[in-house]
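*Asks:* Provided herewith: coords_10.cif, mmCIF, N, CA and C atoms.
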```cif
data_run
loop_
_atom_site.label_atom_id
_atom_site.label_comp_id
_atom_site.auth_asym_id
_atom_site.auth_seq_id
_atom_site.Cartn_x
_atom_site.Cartn_y
_atom_site.Cartn_z
N MET U 1070 -30.15 -80.08 -53.25
CA MET U 1070 -30.06 -80.06 -54.70
C MET U 1070 -28.63 -80.47 -55.08
N ASN U 1071 -28.52 -81.36 -56.07
CA ASN U 1071 -27.19 -81.79 -56.47
C ASN U 1071 -26.52 -80.75 -57.36
N ASP U 1072 -25.21 -80.85 -57.47
CA ASP U 1072 -24.43 -79.84 -58.19
C ASP U 1072 -24.77 -79.76 -59.68
N LEU U 1073 -25.03 -80.90 -60.31
CA LEU U 1073 -25.36 -80.87 -61.74
C LEU U 1073 -26.66 -80.13 -62.00
N LEU U 1074 -27.66 -80.37 -61.16
CA LEU U 1074 -28.93 -79.68 -61.31
C LEU U 1074 -28.75 -78.18 -61.05
N ARG U 1075 -27.97 -77.83 -60.02
CA ARG U 1075 -27.71 -76.43 -59.70
C ARG U 1075 -27.01 -75.73 -60.88
N GLN U 1076 -26.04 -76.38 -61.48
CA GLN U 1076 -25.33 -75.80 -62.63
C GLN U 1076 -26.25 -75.62 -63.83
N ARG U 1077 -27.11 -76.60 -64.05
CA ARG U 1077 -28.04 -76.51 -65.18
C ARG U 1077 -29.01 -75.34 -64.99
N ILE U 1078 -29.55 -75.21 -63.78
CA ILE U 1078 -30.46 -74.09 -63.49
C ILE U 1078 -29.73 -72.76 -63.63
N THR U 1079 -28.52 -72.70 -63.14
CA THR U 1079 -27.73 -71.46 -63.24
C THR U 1079 -27.50 -71.07 -64.69
N ARG U 1080 -27.16 -72.03 -65.53
CA ARG U 1080 -26.97 -71.73 -66.97
C ARG U 1080 -28.25 -71.18 -67.59
N MET U 1081 -29.37 -71.79 -67.23
CA MET U 1081 -30.65 -71.32 -67.77
C MET U 1081 -30.96 -69.90 -67.29
N LEU U 1082 -30.70 -69.62 -66.02
CA LEU U 1082 -30.99 -68.30 -65.46
C LEU U 1082 -30.10 -67.22 -66.08
N GLU U 1083 -28.85 -67.56 -66.34
CA GLU U 1083 -27.94 -66.57 -66.91
C GLU U 1083 -28.35 -66.14 -68.31
N ALA U 1084 -29.11 -66.98 -68.99
CA ALA U 1084 -29.56 -66.65 -70.35
C ALA U 1084 -30.79 -65.74 -70.35
N LEU U 1085 -31.44 -65.58 -69.19
CA LEU U 1085 -32.67 -64.79 -69.12
C LEU U 1085 -32.39 -63.32 -68.85
N ASP U 1086 -33.30 -62.46 -69.34
CA ASP U 1086 -33.20 -61.05 -68.97
C ASP U 1086 -33.79 -60.88 -67.56
N ASP U 1087 -33.61 -59.69 -66.97
CA ASP U 1087 -34.03 -59.47 -65.59
C ASP U 1087 -35.52 -59.70 -65.37
N GLU U 1088 -36.35 -59.28 -66.32
CA GLU U 1088 -37.79 -59.42 -66.15
C GLU U 1088 -38.18 -60.89 -66.04
N LYS U 1089 -37.64 -61.72 -66.91
CA LYS U 1089 -37.95 -63.15 -66.87
C LYS U 1089 -37.32 -63.81 -65.64
N ALA U 1090 -36.16 -63.34 -65.24
CA ALA U 1090 -35.52 -63.88 -64.04
C ALA U 1090 -36.37 -63.61 -62.81
N TYR U 1091 -37.01 -62.44 -62.75
CA TYR U 1091 -37.90 -62.16 -61.63
C TYR U 1091 -39.14 -63.04 -61.66
N GLN U 1092 -39.59 -63.40 -62.85
CA GLN U 1092 -40.72 -64.33 -62.95
C GLN U 1092 -40.31 -65.70 -62.40
N VAL U 1093 -39.09 -66.12 -62.71
CA VAL U 1093 -38.58 -67.39 -62.19
C VAL U 1093 -38.48 -67.30 -60.66
N LEU U 1094 -37.99 -66.17 -60.17
CA LEU U 1094 -37.90 -65.98 -58.73
C LEU U 1094 -39.28 -66.06 -58.07
N ASP U 1095 -40.27 -65.41 -58.69
CA ASP U 1095 -41.64 -65.49 -58.17
C ASP U 1095 -42.11 -66.94 -58.08
N TYR U 1096 -41.85 -67.69 -59.13
CA TYR U 1096 -42.29 -69.08 -59.16
C TYR U 1096 -41.55 -69.91 -58.11
N ALA U 1097 -40.25 -69.68 -57.95
CA ALA U 1097 -39.48 -70.41 -56.95
C ALA U 1097 -39.98 -70.08 -55.54
N GLU U 1098 -40.30 -68.81 -55.30
CA GLU U 1098 -40.85 -68.44 -53.99
C GLU U 1098 -42.21 -69.07 -53.77
N PHE U 1099 -43.02 -69.15 -54.83
CA PHE U 1099 -44.32 -69.82 -54.72
C PHE U 1099 -44.13 -71.29 -54.34
N LEU U 1100 -43.23 -71.97 -55.04
CA LEU U 1100 -42.99 -73.39 -54.73
C LEU U 1100 -42.46 -73.56 -53.31
N SER U 1101 -41.59 -72.68 -52.92
CA SER U 1101 -41.02 -72.75 -51.58
C SER U 1101 -42.10 -72.59 -50.52
N SER U 1102 -42.99 -71.63 -50.73
CA SER U 1102 -44.05 -71.40 -49.73
C SER U 1102 -45.08 -72.52 -49.75
N LYS U 1103 -45.26 -73.15 -50.88
CA LYS U 1103 -46.26 -74.21 -50.98
C LYS U 1103 -45.77 -75.53 -50.41
N TYR U 1104 -44.52 -75.89 -50.67
CA TYR U 1104 -44.05 -77.23 -50.34
C TYR U 1104 -43.03 -77.31 -49.21
N ALA U 1105 -42.49 -76.22 -48.76
CA ALA U 1105 -41.45 -76.29 -47.74
C ALA U 1105 -41.57 -75.11 -46.80
N ALA U 1106 -40.93 -75.25 -45.66
CA ALA U 1106 -40.87 -74.12 -44.74
C ALA U 1106 -40.04 -73.03 -45.41
N ARG U 1107 -40.57 -71.84 -45.42
CA ARG U 1107 -39.89 -70.74 -46.12
C ARG U 1107 -38.58 -70.41 -45.42
N SER U 1108 -37.52 -70.41 -46.20
CA SER U 1108 -36.22 -70.10 -45.63
C SER U 1108 -36.01 -68.59 -45.64
N GLN U 1109 -35.61 -68.08 -44.51
CA GLN U 1109 -35.34 -66.66 -44.38
C GLN U 1109 -33.86 -66.42 -44.65
N PRO U 1110 -33.54 -65.28 -45.27
CA PRO U 1110 -32.12 -65.00 -45.50
C PRO U 1110 -31.42 -64.83 -44.16
N ASP U 1111 -30.17 -65.29 -44.12
CA ASP U 1111 -29.43 -65.14 -42.88
C ASP U 1111 -28.51 -63.92 -42.99
N GLY U 1112 -28.37 -63.24 -41.93
CA GLY U 1112 -27.56 -62.04 -41.91
C GLY U 1112 -28.43 -60.80 -42.09
N LEU U 1113 -28.03 -59.76 -41.41
CA LEU U 1113 -28.81 -58.52 -41.41
C LEU U 1113 -28.88 -57.90 -42.81
N LEU U 1114 -27.74 -57.83 -43.51
CA LEU U 1114 -27.74 -57.22 -44.84
C LEU U 1114 -28.59 -58.01 -45.83
N ALA U 1115 -28.57 -59.33 -45.73
CA ALA U 1115 -29.38 -60.15 -46.63
C ALA U 1115 -30.87 -59.91 -46.37
N LYS U 1116 -31.24 -59.76 -45.12
CA LYS U 1116 -32.64 -59.51 -44.78
C LYS U 1116 -33.08 -58.14 -45.29
N ILE U 1117 -32.21 -57.14 -45.11
CA ILE U 1117 -32.53 -55.79 -45.58
C ILE U 1117 -32.67 -55.78 -47.10
N THR U 1118 -31.72 -56.41 -47.78
CA THR U 1118 -31.76 -56.47 -49.24
C THR U 1118 -33.03 -57.15 -49.74
N SER U 1119 -33.37 -58.26 -49.12
CA SER U 1119 -34.58 -58.98 -49.52
C SER U 1119 -35.83 -58.13 -49.30
N THR U 1120 -35.88 -57.44 -48.17
CA THR U 1120 -37.03 -56.58 -47.88
C THR U 1120 -37.15 -55.44 -48.88
N VAL U 1121 -36.02 -54.80 -49.18
CA VAL U 1121 -36.03 -53.70 -50.15
C VAL U 1121 -36.48 -54.20 -51.51
N GLU U 1122 -35.95 -55.33 -51.94
CA GLU U 1122 -36.31 -55.88 -53.24
C GLU U 1122 -37.80 -56.21 -53.30
N ASN U 1123 -38.32 -56.86 -52.27
CA ASN U 1123 -39.74 -57.21 -52.26
C ASN U 1123 -40.62 -55.96 -52.26
N THR U 1124 -40.20 -54.93 -51.53
CA THR U 1124 -40.96 -53.68 -51.49
C THR U 1124 -40.97 -53.01 -52.86
N MET U 1125 -39.82 -52.99 -53.52
CA MET U 1125 -39.74 -52.38 -54.85
C MET U 1125 -40.59 -53.15 -55.85
N ARG U 1126 -40.55 -54.48 -55.75
CA ARG U 1126 -41.34 -55.29 -56.68
C ARG U 1126 -42.83 -55.10 -56.42
N ALA U 1127 -43.22 -54.99 -55.16
CA ALA U 1127 -44.63 -54.78 -54.82
C ALA U 1127 -45.10 -53.41 -55.30
N GLY U 1128 -44.18 -52.45 -55.34
CA GLY U 1128 -44.51 -51.10 -55.82
C GLY U 1128 -44.50 -51.00 -57.32
N LYS U 1129 -44.28 -52.11 -58.00
CA LYS U 1129 -44.30 -52.16 -59.47
C LYS U 1129 -43.29 -51.18 -60.10
N LEU U 1130 -42.12 -51.06 -59.46
CA LEU U 1130 -41.07 -50.22 -60.04
C LEU U 1130 -40.48 -50.90 -61.26
N PRO U 1131 -39.89 -50.13 -62.17
CA PRO U 1131 -39.29 -50.75 -63.36
C PRO U 1131 -38.17 -51.73 -62.98
N ILE U 1132 -38.03 -52.76 -63.78
CA ILE U 1132 -37.03 -53.79 -63.54
C ILE U 1132 -35.64 -53.19 -63.48
N GLN U 1133 -35.35 -52.19 -64.33
CA GLN U 1133 -34.03 -51.56 -64.35
C GLN U 1133 -33.73 -50.90 -63.00
N ALA U 1134 -34.72 -50.27 -62.39
CA ALA U 1134 -34.52 -49.63 -61.10
C ALA U 1134 -34.26 -50.68 -60.02
N ILE U 1135 -35.01 -51.76 -60.07
CA ILE U 1135 -34.82 -52.83 -59.08
C ILE U 1135 -33.44 -53.46 -59.26
N SER U 1136 -33.07 -53.75 -60.51
CA SER U 1136 -31.77 -54.37 -60.78
C SER U 1136 -30.63 -53.47 -60.33
N GLY U 1137 -30.72 -52.19 -60.65
CA GLY U 1137 -29.68 -51.25 -60.25
C GLY U 1137 -29.55 -51.16 -58.74
N THR U 1138 -30.67 -51.11 -58.06
CA THR U 1138 -30.66 -51.03 -56.60
C THR U 1138 -30.07 -52.30 -55.99
N MET U 1139 -30.44 -53.45 -56.53
CA MET U 1139 -29.92 -54.71 -56.00
C MET U 1139 -28.43 -54.83 -56.26
N ASN U 1140 -27.96 -54.36 -57.43
CA ASN U 1140 -26.52 -54.38 -57.70
C ASN U 1140 -25.78 -53.49 -56.71
N LEU U 1141 -26.34 -52.33 -56.42
CA LEU U 1141 -25.74 -51.41 -55.46
C LEU U 1141 -25.70 -52.03 -54.07
N MET U 1142 -26.80 -52.64 -53.66
CA MET U 1142 -26.85 -53.26 -52.33
C MET U 1142 -25.91 -54.47 -52.24
N ASP U 1143 -25.77 -55.20 -53.34
CA ASP U 1143 -24.84 -56.33 -53.38
C ASP U 1143 -23.41 -55.83 -53.21
N SER U 1144 -23.08 -54.72 -53.90
CA SER U 1144 -21.75 -54.14 -53.76
C SER U 1144 -21.51 -53.68 -52.33
N ALA U 1145 -22.50 -53.05 -51.73
CA ALA U 1145 -22.37 -52.60 -50.34
C ALA U 1145 -22.18 -53.78 -49.40
N ALA U 1146 -22.88 -54.87 -49.65
CA ALA U 1146 -22.73 -56.07 -48.81
C ALA U 1146 -21.32 -56.63 -48.93
N LYS U 1147 -20.77 -56.63 -50.14
CA LYS U 1147 -19.40 -57.13 -50.33
C LYS U 1147 -18.40 -56.25 -49.60
N VAL U 1148 -18.61 -54.93 -49.64
CA VAL U 1148 -17.73 -54.01 -48.91
C VAL U 1148 -17.81 -54.28 -47.41
N MET U 1149 -19.03 -54.46 -46.90
CA MET U 1149 -19.20 -54.72 -45.48
C MET U 1149 -18.56 -56.05 -45.07
N LYS U 1150 -18.67 -57.06 -45.92
CA LYS U 1150 -18.02 -58.34 -45.62
C LYS U 1150 -16.51 -58.17 -45.59
N GLY U 1151 -15.99 -57.37 -46.52
CA GLY U 1151 -14.55 -57.10 -46.53
C GLY U 1151 -14.10 -56.36 -45.28
N LEU U 1152 -14.88 -55.39 -44.85
CA LEU U 1152 -14.55 -54.66 -43.62
C LEU U 1152 -14.61 -55.59 -42.41
N ALA U 1153 -15.61 -56.44 -42.38
CA ALA U 1153 -15.72 -57.38 -41.26
C ALA U 1153 -14.53 -58.33 -41.23
N ALA U 1154 -14.13 -58.81 -42.40
CA ALA U 1154 -12.97 -59.71 -42.48
C ALA U 1154 -11.70 -58.99 -42.04
N ALA U 1155 -11.54 -57.73 -42.46
CA ALA U 1155 -10.37 -56.97 -42.06
C ALA U 1155 -10.36 -56.74 -40.55
N GLY U 1156 -11.50 -56.40 -40.00
CA GLY U 1156 -11.60 -56.23 -38.55
C GLY U 1156 -11.27 -57.50 -37.80
N GLN U 1157 -11.77 -58.62 -38.30
CA GLN U 1157 -11.48 -59.91 -37.68
C GLN U 1157 -9.99 -60.22 -37.73
N ALA U 1158 -9.35 -59.90 -38.86
CA ALA U 1158 -7.91 -60.14 -38.99
C ALA U 1158 -7.12 -59.30 -38.00
N VAL U 1159 -7.53 -58.04 -37.80
CA VAL U 1159 -6.85 -57.17 -36.85
C VAL U 1159 -6.97 -57.73 -35.43
N VAL U 1160 -8.17 -58.18 -35.08
CA VAL U 1160 -8.37 -58.75 -33.74
C VAL U 1160 -7.52 -60.00 -33.56
N GLU U 1161 -7.49 -60.86 -34.57
CA GLU U 1161 -6.69 -62.08 -34.47
C GLU U 1161 -5.22 -61.77 -34.31
N GLU U 1162 -4.71 -60.78 -35.06
CA GLU U 1162 -3.31 -60.38 -34.94
C GLU U 1162 -3.02 -59.81 -33.56
N ALA U 1163 -3.94 -59.01 -33.01
CA ALA U 1163 -3.75 -58.43 -31.68
C ALA U 1163 -3.70 -59.53 -30.63
N VAL U 1164 -4.59 -60.51 -30.74
CA VAL U 1164 -4.59 -61.62 -29.79
C VAL U 1164 -3.31 -62.41 -29.91
N LYS U 1165 -2.87 -62.67 -31.14
CA LYS U 1165 -1.64 -63.43 -31.36
C LYS U 1165 -0.45 -62.68 -30.79
N ALA U 1166 -0.40 -61.36 -30.99
CA ALA U 1166 0.71 -60.55 -30.47
C ALA U 1166 0.69 -60.56 -28.95
N ALA U 1167 -0.49 -60.49 -28.35
CA ALA U 1167 -0.58 -60.50 -26.89
C ALA U 1167 -0.14 -61.85 -26.32
N GLU U 1168 -0.47 -62.92 -27.01
CA GLU U 1168 -0.08 -64.25 -26.54
C GLU U 1168 1.42 -64.47 -26.66
N ASN U 1169 2.05 -63.89 -27.67
CA ASN U 1169 3.48 -64.09 -27.93
C ASN U 1169 4.36 -63.05 -27.25
N ARG U 1170 3.76 -62.12 -26.52
CA ARG U 1170 4.54 -61.07 -25.86
C ARG U 1170 5.37 -61.69 -24.76
N PRO U 1171 6.69 -61.36 -24.71
CA PRO U 1171 7.53 -61.94 -23.66
C PRO U 1171 7.16 -61.34 -22.30
N GLU U 1172 7.24 -62.16 -21.29
CA GLU U 1172 6.94 -61.71 -19.94
C GLU U 1172 8.13 -60.89 -19.42
N PRO U 1173 7.86 -59.83 -18.64
CA PRO U 1173 8.97 -59.07 -18.09
C PRO U 1173 9.73 -59.94 -17.09
N PRO U 1174 11.06 -59.77 -17.02
CA PRO U 1174 11.84 -60.62 -16.10
C PRO U 1174 11.50 -60.29 -14.65
N LEU U 1175 11.52 -61.32 -13.83
CA LEU U 1175 11.27 -61.15 -12.41
C LEU U 1175 12.53 -60.60 -11.76
N PRO U 1176 12.39 -59.81 -10.70
CA PRO U 1176 13.59 -59.28 -10.04
C PRO U 1176 14.41 -60.41 -9.42
N GLN U 1177 15.72 -60.25 -9.49
CA GLN U 1177 16.62 -61.25 -8.93
C GLN U 1177 16.61 -61.15 -7.41
N GLU U 1178 17.04 -62.20 -6.75
CA GLU U 1178 17.04 -62.24 -5.29
C GLU U 1178 17.92 -61.14 -4.71
N ASP U 1179 19.05 -60.84 -5.38
CA ASP U 1179 19.96 -59.79 -4.89
C ASP U 1179 19.26 -58.43 -4.93
N GLU U 1180 18.47 -58.18 -5.95
CA GLU U 1180 17.79 -56.90 -6.08
C GLU U 1180 16.73 -56.72 -5.01
N LEU U 1181 16.15 -57.80 -4.56
CA LEU U 1181 15.13 -57.71 -3.53
C LEU U 1181 15.73 -57.34 -2.17
N LYS U 1182 17.03 -57.70 -1.92
CA LYS U 1182 17.67 -57.44 -0.64
C LYS U 1182 18.23 -56.03 -0.55
N LYS U 1183 18.39 -55.32 -1.67
CA LYS U 1183 18.95 -53.97 -1.64
C LYS U 1183 18.02 -53.04 -0.89
N PRO U 1184 18.59 -52.13 -0.11
CA PRO U 1184 17.74 -51.16 0.57
C PRO U 1184 17.17 -50.18 -0.44
N THR U 1185 15.98 -49.81 -0.22
CA THR U 1185 15.31 -48.89 -1.12
C THR U 1185 15.70 -47.48 -0.72
N ASP U 1186 16.06 -46.66 -1.71
CA ASP U 1186 16.43 -45.27 -1.47
C ASP U 1186 15.16 -44.44 -1.41
N VAL U 1187 14.82 -44.07 -0.19
CA VAL U 1187 13.62 -43.28 -0.01
C VAL U 1187 14.06 -41.88 0.41
N ARG U 1188 13.63 -40.90 -0.31
CA ARG U 1188 13.97 -39.52 0.02
C ARG U 1188 12.72 -38.81 0.48
N THR U 1189 12.88 -38.05 1.50
CA THR U 1189 11.74 -37.30 2.02
C THR U 1189 12.05 -35.83 1.91
N LEU U 1190 11.04 -35.07 1.74
CA LEU U 1190 11.19 -33.62 1.67
C LEU U 1190 11.02 -33.05 3.07
N SER U 1191 11.92 -32.20 3.46
CA SER U 1191 11.76 -31.58 4.78
C SER U 1191 11.06 -30.24 4.63
N PRO U 1192 10.21 -29.91 5.57
CA PRO U 1192 9.47 -28.65 5.44
C PRO U 1192 10.31 -27.43 5.72
#
```
Starting from the file, give its structure as structure tokens.

*Replies:*
Amino acid sequence: MNDLLRQRITRMLEALDDEKAYQVLDYAEFLSSKYAARSQPDGLLAKITSTVENTMRAGKLPIQAISGTMNLMDSAAKVMKGLAAAGQAVVEEAVKAAENRPEPPLPQEDELKKPTDVRTLSP
């Protein structure tokens, strides 16, 4: 889909209330199943969110309940993405620090020739 068409559809969707937006979603899913291979959401949270939404819609719950739940799940997904990004940054910094760590100096030749002071305990 080209960007102009995507922007036009987005403008139209933003003007709709949630009930009509779900009707548009139903129609888009119908077209997708009829004319193309159905695309599955990628990522575990996206799959869970989609499943919850479809279950709520099948249960004929009020649109406000579905909208509120989806907003909550969207917020949770954003938090999880932020945590994942923070974790990734920590790992990258740890790897960078390990790569830049100076190597300990090797013993000098003179130090290798010194006799080792070994003390033994007598009974």

*Asks:* May I have all residues of chain U that DSSP, computed from the backbone, assigns to alpha helix (DSSP H), given as a ChimeraX atom specification?

*Replies:* /U:1072-1083,1087-1104,1113-1127,1132-1169,1178-1182

*Asks:* Quote the spacing between atom CA of U:Glu1088 and atom C of U:Ile1132 in Å to one decimal place.

*Replies:* 7.1 Å

*Asks:* Using atom N of U:Val1148 and atom CA of U:Ala1115 as the two end points, give the distance in Å to one decimal.

*Replies:* 12.3 Å

*Asks:* Using atom CA of U:Thr1118 and atom C of U:Met1142 as the two end points, give the distance in Å to one decimal.

*Replies:* 6.9 Å

*Asks:* Once 5 Å is added on each side, what are the centre and the three edge lengths, in Å to one decimal, of the axis-aligned box enclosing the listed atoms of stretch 1073-1078 of chain U? Present them as lines of an AutoDock Vina configuration file.

*Replies:*
```
center_x = -27.7
center_y = -76.8
center_z = -62.4
size_x = 15.4
size_y = 18.1
size_z = 15.5
```

*Asks:* So, counting only N, CA and C atoms, which residue among U:Asp1087, U:Arg1077, U:Glu1162, U:Ala1153 is closest to U:Ser1136?

*Replies:*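 With only N, CA and C atoms as the atom set, the closest residue is U:Asp1087.
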